[in-house]
Amino acid sequence: MPTDPRQIGSFALEWLDQGVLKIVFSRPPVNAVSLSVYEDLGQIAALVEDNDAVKALVLTAPSFARAWCGGADLNDFKGIDKARRLERYAFINEQLPRFHAIDRPIIAAINGAAIGVGMVLASLCDFRVAAEDAAFSLPEIDYGLLSGCAGRFVALRLPEPKLREMLYTGRKFTAREIESTGFFNYVVPKDEVLTKALELAGQVAAKDSAIMRARKRNSLSLEGTEWFDAYVTAQRTSARFAGSEASRKGVDAVLGRPGI
């Protein structure tokens with residue numbers, strides 16, 4: 001396995017022992033997901049697909065980051081119309097499934113807030129280790145948007161009643177508040193998140209690689225594709241609201257906050 005660091009867009013890659021690939025997401029100020037970030041995720045998937053030396057991945061953020069993943073970059077939505085929103089979705093739909101289909105275990109080391117698509121990114125991982133005070137929310141309802149993948153894919157990991165509360169209210173919950181739902185493998189103090197995630201990565205990386213990859217592919221098959229079908233349907237519905245007053249005001253209100 002290579003030992004030199006590597007950068008793919010907003011992600012710094014560090015090759016660790018046992019075939020563990022540590023991926024650090026750093027896009028100040030809040031690790032918002034723009035179209036370029038989706039493209040980066042597709043490139044990471046391609047790199048892993050072509051590298052048998054990768055046995056496990058750990059996805060984290062710098063300890064000083066304001067969020068592990070602060071959600072969609074709302075600058076992408078400013079002034080957007082239906083046609084442009086559909087184009088955006090089409091691009092995302094080429095990238096996100098590639099990351100989801102990586103046939104190596106992925107551990108999310110969630111050391112900060114995971115908002116909107118941040119919860120999706122966490123859900124795409126096999127294991128989730130979260131800081132006890134990290135915030136989680138699906139706030140699209142407040143942006144004049146319809147949560148698509150955030151709703152349907154997270155439903156594979158989170159009980160439906162709690163998911164609906166998050167979707168309908170947009171409110172934030174700490175990891176401790178939703179720990180009982182089983183969304184996380186471990187909830188620990190922030191300074192222990194990465195250590196625990198790397199420990200898990202080492203355990204799975206030590207297994208027979210061919211068997212582990214087959215196991216991951218089988219797990220993905222068991223999940224099916226209904227989540228993606230529902231995602232596309234929600235995207236089309238959300239596109240209808242592009243340019244609406246609720247969407248415009250919601251996006252403008254968030255972008256007008258200090259530090260955004």
# chains A, B, ... in the order shown; residues from 1 in each chain; ligands from 1

call {"tool": "select_by_dssp", "arguments": {"residues": "range 75-225 of chain A", "states": "alpha helix (DSSP H)", "output": "PDB file with N, CA and C atoms, in the first residue's frame"}}
result
ATOM      1  N   LYS A  82     -35.911  24.718 -11.662  1.00  0.00           N
ATOM      2  CA  LYS A  82     -36.203  23.295 -11.735  1.00  0.00           C
ATOM      3  C   LYS A  82     -35.231  22.557 -12.644  1.00  0.00           C
ATOM      4  N   ALA A  83     -34.960  23.089 -13.815  1.00  0.00           N
ATOM      5  CA  ALA A  83     -34.084  22.412 -14.773  1.00  0.00           C
ATOM      6  C   ALA A  83     -32.678  22.230 -14.203  1.00  0.00           C
ATOM      7  N   ARG A  84     -32.138  23.281 -13.579  1.00  0.00           N
ATOM      8  CA  ARG A  84     -30.793  23.201 -13.020  1.00  0.00           C
ATOM      9  C   ARG A  84     -30.752  22.255 -11.827  1.00  0.00           C
ATOM     10  N   ARG A  85     -31.841  22.224 -11.055  1.00  0.00           N
ATOM     11  CA  ARG A  85     -31.861  21.309  -9.925  1.00  0.00           C
ATOM     12  C   ARG A  85     -31.876  19.859 -10.412  1.00  0.00           C
ATOM     13  N   LEU A  86     -32.617  19.586 -11.481  1.00  0.00           N
ATOM     14  CA  LEU A  86     -32.638  18.228 -12.021  1.00  0.00           C
ATOM     15  C   LEU A  86     -31.272  17.832 -12.577  1.00  0.00           C
ATOM     16  N   GLU A  87     -30.567  18.795 -13.188  1.00  0.00           N
ATOM     17  CA  GLU A  87     -29.214  18.529 -13.669  1.00  0.00           C
ATOM     18  C   GLU A  87     -28.289  18.186 -12.498  1.00  0.00           C
ATOM     19  N   ARG A  88     -28.459  18.927 -11.428  1.00  0.00           N
ATOM     20  CA  ARG A  88     -27.652  18.678 -10.232  1.00  0.00           C
ATOM     21  C   ARG A  88     -27.906  17.273  -9.706  1.00  0.00           C
ATOM     22  N   TYR A  89     -29.168  16.912  -9.608  1.00  0.00           N
ATOM     23  CA  TYR A  89     -29.509  15.585  -9.109  1.00  0.00           C
ATOM     24  C   TYR A  89     -28.935  14.490 -10.003  1.00  0.00           C
ATOM     25  N   ALA A  90     -28.993  14.698 -11.313  1.00  0.00           N
ATOM     26  CA  ALA A  90     -28.481  13.688 -12.248  1.00  0.00           C
ATOM     27  C   ALA A  90     -26.994  13.444 -12.006  1.00  0.00           C
ATOM     28  N   PHE A  91     -26.243  14.516 -11.748  1.00  0.00           N
ATOM     29  CA  PHE A  91     -24.817  14.379 -11.480  1.00  0.00           C
ATOM     30  C   PHE A  91     -24.592  13.628 -10.173  1.00  0.00           C
ATOM     31  N   ILE A  92     -25.342  14.001  -9.132  1.00  0.00           N
ATOM     32  CA  ILE A  92     -25.212  13.334  -7.835  1.00  0.00           C
ATOM     33  C   ILE A  92     -25.495  11.847  -7.970  1.00  0.00           C
ATOM     34  N   ASN A  93     -26.503  11.523  -8.771  1.00  0.00           N
ATOM     35  CA  ASN A  93     -26.922  10.130  -8.906  1.00  0.00           C
ATOM     36  C   ASN A  93     -25.895   9.260  -9.621  1.00  0.00           C
ATOM     37  N   GLU A  94     -24.914   9.889 -10.251  1.00  0.00           N
ATOM     38  CA  GLU A  94     -23.819   9.138 -10.852  1.00  0.00           C
ATOM     39  C   GLU A  94     -22.707   8.867  -9.844  1.00  0.00           C
ATOM     40  N   GLN A  95     -22.605   9.706  -8.815  1.00  0.00           N
ATOM     41  CA  GLN A  95     -21.477   9.636  -7.893  1.00  0.00           C
ATOM     42  C   GLN A  95     -21.796   8.885  -6.602  1.00  0.00           C
ATOM     43  N   LEU A  96     -22.924   9.233  -5.980  1.00  0.00           N
ATOM     44  CA  LEU A  96     -23.236   8.692  -4.659  1.00  0.00           C
ATOM     45  C   LEU A  96     -23.347   7.168  -4.652  1.00  0.00           C
ATOM     46  N   PRO A  97     -24.029   6.551  -5.637  1.00  0.00           N
ATOM     47  CA  PRO A  97     -24.103   5.088  -5.630  1.00  0.00           C
ATOM     48  C   PRO A  97     -22.738   4.419  -5.748  1.00  0.00           C
ATOM     49  N   ARG A  98     -21.772   5.067  -6.383  1.00  0.00           N
ATOM     50  CA  ARG A  98     -20.426   4.493  -6.501  1.00  0.00           C
ATOM     51  C   ARG A  98     -19.779   4.392  -5.119  1.00  0.00           C
ATOM     52  N   PHE A  99     -19.940   5.444  -4.323  1.00  0.00           N
ATOM     53  CA  PHE A  99     -19.380   5.410  -2.977  1.00  0.00           C
ATOM     54  C   PHE A  99     -20.102   4.351  -2.147  1.00  0.00           C
ATOM     55  N   HIS A 100     -21.407   4.304  -2.271  1.00  0.00           N
ATOM     56  CA  HIS A 100     -22.207   3.323  -1.542  1.00  0.00           C
ATOM     57  C   HIS A 100     -21.792   1.903  -1.885  1.00  0.00           C
ATOM     58  N   VAL A 117     -27.380  15.907   4.221  1.00  0.00           N
ATOM     59  CA  VAL A 117     -26.599  14.910   3.491  1.00  0.00           C
ATOM     60  C   VAL A 117     -25.465  14.363   4.348  1.00  0.00           C
ATOM     61  N   GLY A 118     -25.116  15.060   5.423  1.00  0.00           N
ATOM     62  CA  GLY A 118     -24.143  14.516   6.369  1.00  0.00           C
ATOM     63  C   GLY A 118     -24.646  13.234   7.002  1.00  0.00           C
ATOM     64  N   MET A 119     -25.962  13.165   7.277  1.00  0.00           N
ATOM     65  CA  MET A 119     -26.534  11.929   7.796  1.00  0.00           C
ATOM     66  C   MET A 119     -26.547  10.855   6.717  1.00  0.00           C
ATOM     67  N   VAL A 120     -26.715  11.261   5.461  1.00  0.00           N
ATOM     68  CA  VAL A 120     -26.637  10.302   4.367  1.00  0.00           C
ATOM     69  C   VAL A 120     -25.238   9.703   4.299  1.00  0.00           C
ATOM     70  N   LEU A 121     -24.234  10.580   4.334  1.00  0.00           N
ATOM     71  CA  LEU A 121     -22.852  10.126   4.260  1.00  0.00           C
ATOM     72  C   LEU A 121     -22.553   9.147   5.401  1.00  0.00           C
ATOM     73  N   ALA A 122     -23.045   9.465   6.593  1.00  0.00           N
ATOM     74  CA  ALA A 122     -22.864   8.558   7.723  1.00  0.00           C
ATOM     75  C   ALA A 122     -23.576   7.233   7.472  1.00  0.00           C
ATOM     76  N   SER A 123     -24.760   7.301   6.868  1.00  0.00           N
ATOM     77  CA  SER A 123     -25.549   6.095   6.613  1.00  0.00           C
ATOM     78  C   SER A 123     -24.933   5.213   5.537  1.00  0.00           C
ATOM     79  N   LEU A 124     -24.166   5.813   4.623  1.00  0.00           N
ATOM     80  CA  LEU A 124     -23.507   5.036   3.580  1.00  0.00           C
ATOM     81  C   LEU A 124     -22.391   4.173   4.147  1.00  0.00           C
ATOM     82  N   CYS A 149     -32.696  11.446  -0.439  1.00  0.00           N
ATOM     83  CA  CYS A 149     -31.852  10.357   0.032  1.00  0.00           C
ATOM     84  C   CYS A 149     -31.720  10.403   1.553  1.00  0.00           C
ATOM     85  N   ALA A 150     -31.666  11.606   2.099  1.00  0.00           N
ATOM     86  CA  ALA A 150     -31.533  11.717   3.547  1.00  0.00           C
ATOM     87  C   ALA A 150     -32.680  11.007   4.237  1.00  0.00           C
ATOM     88  N   GLY A 151     -33.877  11.077   3.634  1.00  0.00           N
ATOM     89  CA  GLY A 151     -35.018  10.411   4.236  1.00  0.00           C
ATOM     90  C   GLY A 151     -35.024   8.923   4.000  1.00  0.00           C
ATOM     91  N   ARG A 152     -34.952   8.518   2.754  1.00  0.00           N
ATOM     92  CA  ARG A 152     -35.151   7.107   2.426  1.00  0.00           C
ATOM     93  C   ARG A 152     -33.946   6.242   2.761  1.00  0.00           C
ATOM     94  N   GLU A 160     -38.397   4.349  11.734  1.00  0.00           N
ATOM     95  CA  GLU A 160     -39.254   5.275  11.006  1.00  0.00           C
ATOM     96  C   GLU A 160     -39.863   6.376  11.875  1.00  0.00           C
ATOM     97  N   PRO A 161     -40.362   6.095  13.091  1.00  0.00           N
ATOM     98  CA  PRO A 161     -40.940   7.186  13.887  1.00  0.00           C
ATOM     99  C   PRO A 161     -39.943   8.311  14.174  1.00  0.00           C
ATOM    100  N   LYS A 162     -38.717   7.954  14.539  1.00  0.00           N
ATOM    101  CA  LYS A 162     -37.715   8.993  14.818  1.00  0.00           C
ATOM    102  C   LYS A 162     -37.313   9.695  13.532  1.00  0.00           C
ATOM    103  N   LEU A 163     -37.204   8.944  12.442  1.00  0.00           N
ATOM    104  CA  LEU A 163     -36.878   9.544  11.156  1.00  0.00           C
ATOM    105  C   LEU A 163     -37.924  10.580  10.780  1.00  0.00           C
ATOM    106  N   ARG A 164     -39.200  10.248  10.919  1.00  0.00           N
ATOM    107  CA  ARG A 164     -40.255  11.204  10.558  1.00  0.00           C
ATOM    108  C   ARG A 164     -40.211  12.442  11.442  1.00  0.00           C
ATOM    109  N   GLU A 165     -39.899  12.252  12.715  1.00  0.00           N
ATOM    110  CA  GLU A 165     -39.777  13.418  13.596  1.00  0.00           C
ATOM    111  C   GLU A 165     -38.663  14.331  13.102  1.00  0.00           C
ATOM    112  N   MET A 166     -37.559  13.762  12.687  1.00  0.00           N
ATOM    113  CA  MET A 166     -36.441  14.561  12.193  1.00  0.00           C
ATOM    114  C   MET A 166     -36.796  15.239  10.877  1.00  0.00           C
ATOM    115  N   LEU A 167     -37.461  14.514   9.984  1.00  0.00           N
ATOM    116  CA  LEU A 167     -37.837  15.069   8.685  1.00  0.00           C
ATOM    117  C   LEU A 167     -38.890  16.160   8.803  1.00  0.00           C
ATOM    118  N   TYR A 168     -39.860  15.951   9.691  1.00  0.00           N
ATOM    119  CA  TYR A 168     -40.986  16.879   9.781  1.00  0.00           C
ATOM    120  C   TYR A 168     -40.681  18.113  10.613  1.00  0.00           C
ATOM    121  N   THR A 169     -39.781  17.992  11.594  1.00  0.00           N
ATOM    122  CA  THR A 169     -39.483  19.126  12.469  1.00  0.00           C
ATOM    123  C   THR A 169     -38.193  19.839  12.101  1.00  0.00           C
ATOM    124  N   VAL A 193     -13.346   9.296  19.529  1.00  0.00           N
ATOM    125  CA  VAL A 193     -14.045   8.851  18.320  1.00  0.00           C
ATOM    126  C   VAL A 193     -13.089   8.204  17.316  1.00  0.00           C
ATOM    127  N   LEU A 194     -12.041   8.900  16.953  1.00  0.00           N
ATOM    128  CA  LEU A 194     -11.135   8.382  15.931  1.00  0.00           C
ATOM    129  C   LEU A 194     -10.434   7.115  16.406  1.00  0.00           C
ATOM    130  N   THR A 195     -10.039   7.080  17.660  1.00  0.00           N
ATOM    131  CA  THR A 195      -9.367   5.895  18.201  1.00  0.00           C
ATOM    132  C   THR A 195     -10.261   4.670  18.092  1.00  0.00           C
ATOM    133  N   LYS A 196     -11.536   4.828  18.450  1.00  0.00           N
ATOM    134  CA  LYS A 196     -12.472   3.704  18.387  1.00  0.00           C
ATOM    135  C   LYS A 196     -12.714   3.288  16.936  1.00  0.00           C
ATOM    136  N   ALA A 197     -12.856   4.266  16.045  1.00  0.00           N
ATOM    137  CA  ALA A 197     -13.087   3.956  14.636  1.00  0.00           C
ATOM    138  C   ALA A 197     -11.900   3.205  14.038  1.00  0.00           C
ATOM    139  N   LEU A 198     -10.695   3.635  14.368  1.00  0.00           N
ATOM    140  CA  LEU A 198      -9.494   2.962  13.854  1.00  0.00           C
ATOM    141  C   LEU A 198      -9.355   1.558  14.432  1.00  0.00           C
ATOM    142  N   GLU A 199      -9.781   1.402  15.660  1.00  0.00           N
ATOM    143  CA  GLU A 199      -9.779   0.069  16.267  1.00  0.00           C
ATOM    144  C   GLU A 199     -10.694  -0.878  15.488  1.00  0.00           C
ATOM    145  N   LEU A 200     -11.891  -0.408  15.158  1.00  0.00           N
ATOM    146  CA  LEU A 200     -12.827  -1.209  14.370  1.00  0.00           C
ATOM    147  C   LEU A 200     -12.259  -1.511  12.985  1.00  0.00           C
ATOM    148  N   ALA A 201     -11.655  -0.492  12.373  1.00  0.00           N
ATOM    149  CA  ALA A 201     -11.072  -0.674  11.045  1.00  0.00           C
ATOM    150  C   ALA A 201      -9.981  -1.736  11.071  1.00  0.00           C
ATOM    151  N   GLY A 202      -9.163  -1.720  12.117  1.00  0.00           N
ATOM    152  CA  GLY A 202      -8.111  -2.719  12.238  1.00  0.00           C
ATOM    153  C   GLY A 202      -8.671  -4.122  12.375  1.00  0.00           C
ATOM    154  N   GLN A 203      -9.780  -4.247  13.100  1.00  0.00           N
ATOM    155  CA  GLN A 203     -10.385  -5.564  13.295  1.00  0.00           C
ATOM    156  C   GLN A 203     -10.892  -6.148  11.981  1.00  0.00           C
ATOM    157  N   VAL A 204     -11.582  -5.344  11.182  1.00  0.00           N
ATOM    158  CA  VAL A 204     -12.134  -5.875   9.928  1.00  0.00           C
ATOM    159  C   VAL A 204     -11.050  -6.019   8.867  1.00  0.00           C
ATOM    160  N   ALA A 205     -10.035  -5.145   8.906  1.00  0.00           N
ATOM    161  CA  ALA A 205      -8.948  -5.226   7.930  1.00  0.00           C
ATOM    162  C   ALA A 205      -8.120  -6.485   8.127  1.00  0.00           C
ATOM    163  N   SER A 209      -9.415 -10.804   3.020  1.00  0.00           N
ATOM    164  CA  SER A 209      -9.930  -9.727   2.184  1.00  0.00           C
ATOM    165  C   SER A 209     -11.001 -10.199   1.203  1.00  0.00           C
ATOM    166  N   ALA A 210     -10.784 -11.333   0.569  1.00  0.00           N
ATOM    167  CA  ALA A 210     -11.750 -11.821  -0.418  1.00  0.00           C
ATOM    168  C   ALA A 210     -13.093 -12.129   0.235  1.00  0.00           C
ATOM    169  N   ILE A 211     -13.050 -12.746   1.406  1.00  0.00           N
ATOM    170  CA  ILE A 211     -14.285 -13.067   2.110  1.00  0.00           C
ATOM    171  C   ILE A 211     -14.976 -11.796   2.581  1.00  0.00           C
ATOM    172  N   MET A 212     -14.189 -10.850   3.102  1.00  0.00           N
ATOM    173  CA  MET A 212     -14.776  -9.602   3.580  1.00  0.00           C
ATOM    174  C   MET A 212     -15.451  -8.835   2.453  1.00  0.00           C
ATOM    175  N   ARG A 213     -14.816  -8.780   1.297  1.00  0.00           N
ATOM    176  CA  ARG A 213     -15.409  -8.060   0.168  1.00  0.00           C
ATOM    177  C   ARG A 213     -16.686  -8.746  -0.293  1.00  0.00           C
ATOM    178  N   ALA A 214     -16.697 -10.074  -0.276  1.00  0.00           N
ATOM    179  CA  ALA A 214     -17.915 -10.800  -0.636  1.00  0.00           C
ATOM    180  C   ALA A 214     -19.014 -10.536   0.384  1.00  0.00           C
ATOM    181  N   ARG A 215     -18.609 -10.461   1.651  1.00  0.00           N
ATOM    182  CA  ARG A 215     -19.579 -10.182   2.723  1.00  0.00           C
ATOM    183  C   ARG A 215     -20.196  -8.796   2.535  1.00  0.00           C
ATOM    184  N   LYS A 216     -19.376  -7.815   2.205  1.00  0.00           N
ATOM    185  CA  LYS A 216     -19.872  -6.453   2.005  1.00  0.00           C
ATOM    186  C   LYS A 216     -20.820  -6.410   0.809  1.00  0.00           C
ATOM    187  N   ARG A 217     -20.460  -7.057  -0.282  1.00  0.00           N
ATOM    188  CA  ARG A 217     -21.328  -7.056  -1.463  1.00  0.00           C
ATOM    189  C   ARG A 217     -22.667  -7.717  -1.155  1.00  0.00           C
ATOM    190  N   ASN A 218     -22.636  -8.779  -0.345  1.00  0.00           N
ATOM    191  CA  ASN A 218     -23.873  -9.440   0.025  1.00  0.00           C
ATOM    192  C   ASN A 218     -24.736  -8.545   0.895  1.00  0.00           C
ATOM    193  N   SER A 219     -24.107  -7.813   1.804  1.00  0.00           N
ATOM    194  CA  SER A 219     -24.861  -6.879   2.653  1.00  0.00           C
ATOM    195  C   SER A 219     -25.529  -5.798   1.811  1.00  0.00           C
ATOM    196  N   LEU A 220     -24.804  -5.293   0.818  1.00  0.00           N
ATOM    197  CA  LEU A 220     -25.376  -4.281  -0.072  1.00  0.00           C
ATOM    198  C   LEU A 220     -26.546  -4.855  -0.863  1.00  0.00           C
ATOM    199  N   SER A 221     -26.412  -6.093  -1.282  1.00  0.00           N
ATOM    200  CA  SER A 221     -27.487  -6.739  -2.032  1.00  0.00           C
ATOM    201  C   SER A 221     -28.735  -6.894  -1.174  1.00  0.00           C
ATOM    202  N   LEU A 222     -28.545  -7.230   0.098  1.00  0.00           N
ATOM    203  CA  LEU A 222     -29.680  -7.392   1.006  1.00  0.00           C
ATOM    204  C   LEU A 222     -30.435  -6.082   1.213  1.00  0.00           C
ATOM    205  N   GLU A 223     -29.711  -4.967   1.127  1.00  0.00           N
ATOM    206  CA  GLU A 223     -30.363  -3.658   1.271  1.00  0.00           C
ATOM    207  C   GLU A 223     -31.289  -3.353   0.099  1.00  0.00           C
TER     208      GLU A 223
END

call {"tool": "residues_around", "arguments": {"residues": "Ala130 in chain A", "least_positions_apart": "6", "cutoff": "9 Å", "atoms": "only C-alpha atoms", "output": "JSON, numbers by chain"}}
result
{"A": [108, 109, 110, 111, 112, 175, 176, 184, 185, 186, 187, 188, 189, 190, 193]}

call {"tool": "closest_residue", "arguments": {"among": "A:Glu140, A:Ala67, A:Val58, A:Ala12", "to": "Ala234 in chain A", "atoms": "only C-alpha atoms"}}
result
A:Glu140

call {"tool": "closest_residue", "arguments": {"among": "A:Glu39, A:Gly70, A:Lys55, A:Arg128", "to": "Lys207 in chain A", "atoms": "only C-alpha atoms"}}
result
A:Lys55

call {"tool": "select_by_dssp", "arguments": {"residues": "range 20-164 of chain A", "states": "strand (DSSP E or B)", "output": "JSON, numbers by chain"}}
result
{"A": [20, 21, 22, 23, 24, 25, 32, 33, 56, 57, 58, 59, 60, 69, 71, 72, 106, 107, 108, 109, 110, 114, 115, 127, 128, 129, 130, 131, 135, 136, 137]}

call {"tool": "write_last_selection", "arguments": {"atoms": "N, CA and C atoms", "output": "mmCIF file, in the first residue's frame"}}
result
data_model
loop_
_atom_site.group_PDB
_atom_site.id
_atom_site.type_symbol
_atom_site.label_atom_id
_atom_site.label_comp_id
_atom_site.auth_asym_id
_atom_site.auth_seq_id
_atom_site.Cartn_x
_atom_site.Cartn_y
_atom_site.Cartn_z
ATOM 1 N N VAL A 20 -5.580 -0.047 6.121
ATOM 2 C CA VAL A 20 -6.612 0.921 6.494
ATOM 3 C C VAL A 20 -6.335 2.250 5.793
ATOM 4 N N LEU A 21 -7.345 2.780 5.150
ATOM 5 C CA LEU A 21 -7.246 4.072 4.479
ATOM 6 C C LEU A 21 -8.048 5.095 5.284
ATOM 7 N N LYS A 22 -7.342 6.063 5.848
ATOM 8 C CA LYS A 22 -7.981 7.132 6.617
ATOM 9 C C LYS A 22 -8.276 8.291 5.675
ATOM 10 N N ILE A 23 -9.529 8.740 5.662
ATOM 11 C CA ILE A 23 -9.969 9.804 4.760
ATOM 12 C C ILE A 23 -10.486 10.963 5.605
ATOM 13 N N VAL A 24 -9.876 12.119 5.455
ATOM 14 C CA VAL A 24 -10.246 13.291 6.255
ATOM 15 C C VAL A 24 -10.933 14.319 5.362
ATOM 16 N N PHE A 25 -12.184 14.599 5.664
ATOM 17 C CA PHE A 25 -12.983 15.560 4.913
ATOM 18 C C PHE A 25 -12.753 16.946 5.502
ATOM 19 N N ALA A 32 -19.410 21.608 3.978
ATOM 20 C CA ALA A 32 -20.639 21.517 3.178
ATOM 21 C C ALA A 32 -20.362 20.727 1.909
ATOM 22 N N VAL A 33 -21.385 20.022 1.436
ATOM 23 C CA VAL A 33 -21.233 19.153 0.266
ATOM 24 C C VAL A 33 -21.701 19.882 -0.988
ATOM 25 N N ALA A 56 -9.971 -1.515 4.538
ATOM 26 C CA ALA A 56 -11.018 -0.823 5.285
ATOM 27 C C ALA A 56 -10.779 0.677 5.178
ATOM 28 N N LEU A 57 -11.857 1.460 5.331
ATOM 29 C CA LEU A 57 -11.768 2.914 5.233
ATOM 30 C C LEU A 57 -12.349 3.548 6.493
ATOM 31 N N VAL A 58 -11.726 4.621 6.930
ATOM 32 C CA VAL A 58 -12.242 5.429 8.040
ATOM 33 C C VAL A 58 -12.459 6.839 7.522
ATOM 34 N N LEU A 59 -13.688 7.318 7.641
ATOM 35 C CA LEU A 59 -14.044 8.646 7.153
ATOM 36 C C LEU A 59 -14.258 9.572 8.339
ATOM 37 N N THR A 60 -13.465 10.638 8.407
ATOM 38 C CA THR A 60 -13.547 11.546 9.539
ATOM 39 C C THR A 60 -13.371 12.989 9.076
ATOM 40 N N CYS A 69 -19.893 16.926 8.748
ATOM 41 C CA CYS A 69 -20.444 17.255 7.432
ATOM 42 C C CYS A 69 -21.672 18.121 7.662
ATOM 43 N N GLY A 71 -23.872 19.366 5.693
ATOM 44 C CA GLY A 71 -25.005 19.273 4.781
ATOM 45 C C GLY A 71 -24.681 19.813 3.400
ATOM 46 N N ALA A 72 -25.712 19.937 2.576
ATOM 47 C CA ALA A 72 -25.533 20.428 1.209
ATOM 48 C C ALA A 72 -25.059 21.873 1.226
ATOM 49 N N ILE A 106 -16.534 0.474 5.610
ATOM 50 C CA ILE A 106 -16.291 1.905 5.819
ATOM 51 C C ILE A 106 -16.789 2.270 7.210
ATOM 52 N N ILE A 107 -15.925 2.903 7.978
ATOM 53 C CA ILE A 107 -16.281 3.318 9.344
ATOM 54 C C ILE A 107 -16.342 4.832 9.390
ATOM 55 N N ALA A 108 -17.470 5.370 9.818
ATOM 56 C CA ALA A 108 -17.624 6.811 9.976
ATOM 57 C C ALA A 108 -17.192 7.208 11.379
ATOM 58 N N ALA A 109 -16.162 8.044 11.460
ATOM 59 C CA ALA A 109 -15.697 8.577 12.738
ATOM 60 C C ALA A 109 -16.262 9.989 12.861
ATOM 61 N N ILE A 110 -17.467 10.086 13.419
ATOM 62 C CA ILE A 110 -18.255 11.320 13.383
ATOM 63 C C ILE A 110 -17.915 12.176 14.605
ATOM 64 N N ALA A 114 -23.497 16.201 11.907
ATOM 65 C CA ALA A 114 -23.827 15.586 10.613
ATOM 66 C C ALA A 114 -25.233 16.051 10.255
ATOM 67 N N ILE A 115 -25.311 16.954 9.287
ATOM 68 C CA ILE A 115 -26.567 17.611 8.960
ATOM 69 C C ILE A 115 -27.006 17.234 7.543
ATOM 70 N N PHE A 127 -20.224 1.183 9.692
ATOM 71 C CA PHE A 127 -20.241 1.435 11.128
ATOM 72 C C PHE A 127 -20.220 2.935 11.365
ATOM 73 N N ARG A 128 -20.810 3.340 12.498
ATOM 74 C CA ARG A 128 -20.812 4.751 12.876
ATOM 75 C C ARG A 128 -20.371 4.887 14.339
ATOM 76 N N VAL A 129 -19.281 5.608 14.523
ATOM 77 C CA VAL A 129 -18.811 5.962 15.860
ATOM 78 C C VAL A 129 -18.988 7.467 15.989
ATOM 79 N N ALA A 130 -19.755 7.906 16.974
ATOM 80 C CA ALA A 130 -20.107 9.326 17.067
ATOM 81 C C ALA A 130 -19.703 9.939 18.396
ATOM 82 N N ALA A 131 -19.338 11.214 18.330
ATOM 83 C CA ALA A 131 -19.109 11.989 19.550
ATOM 84 C C ALA A 131 -20.449 12.196 20.244
ATOM 85 N N ALA A 135 -24.202 16.840 16.796
ATOM 86 C CA ALA A 135 -25.599 17.101 16.425
ATOM 87 C C ALA A 135 -25.947 16.411 15.117
ATOM 88 N N PHE A 136 -27.194 15.937 15.043
ATOM 89 C CA PHE A 136 -27.706 15.271 13.849
ATOM 90 C C PHE A 136 -29.079 15.851 13.510
ATOM 91 N N SER A 137 -29.271 16.195 12.243
ATOM 92 C CA SER A 137 -30.574 16.719 11.842
ATOM 93 C C SER A 137 -30.785 16.556 10.352
#

call {"tool": "closest_residue", "arguments": {"among": "A:Ala53, A:Leu145, A:Ala113, A:Ala65", "to": "Glu132 in chain A", "atoms": "only C-alpha atoms"}}
result
A:Ala113

call {"tool": "residues_around", "arguments": {"residues": "Ala46 in chain A", "least_positions_apart": "3", "cutoff": "9 Å", "atoms": "only C-alpha atoms", "output": "list of chain:residue names"}}
result
A:Leu41, A:Gly42, A:Gln43, A:Glu49, A:Asp50, A:Asn51, A:Arg98, A:Phe99, A:Ile102

call {"tool": "write_last_selection", "arguments": {"atoms": "C-alpha atoms", "output": "mmCIF file, in the first residue's frame"}}
result
data_model
loop_
_atom_site.group_PDB
_atom_site.id
_atom_site.type_symbol
_atom_site.label_atom_id
_atom_site.label_comp_id
_atom_site.auth_asym_id
_atom_site.auth_seq_id
_atom_site.Cartn_x
_atom_site.Cartn_y
_atom_site.Cartn_z
ATOM 1 C CA LEU A 41 -16.579 10.745 -3.496
ATOM 2 C CA GLY A 42 -16.822 9.143 -6.916
ATOM 3 C CA GLN A 43 -13.059 9.456 -7.364
ATOM 4 C CA GLU A 49 -11.994 -0.187 -6.681
ATOM 5 C CA ASP A 50 -8.561 -0.243 -8.336
ATOM 6 C CA ASN A 51 -6.551 -0.915 -5.178
ATOM 7 C CA ARG A 98 -20.426 4.493 -6.501
ATOM 8 C CA PHE A 99 -19.380 5.410 -2.977
ATOM 9 C CA ILE A 102 -17.479 0.252 -2.274
#

call {"tool": "closest_residue", "arguments": {"among": "A:Val30, A:Cys125, A:Ala134, A:Ala206", "to": "Ser10 in chain A", "atoms": "only C-alpha atoms"}}
result
A:Val30

call {"tool": "atom_distance", "arguments": {"atom1": "CA of Asn31 in chain A", "atom2": "CA of Phe11 in chain A"}}
result
10.3 Å
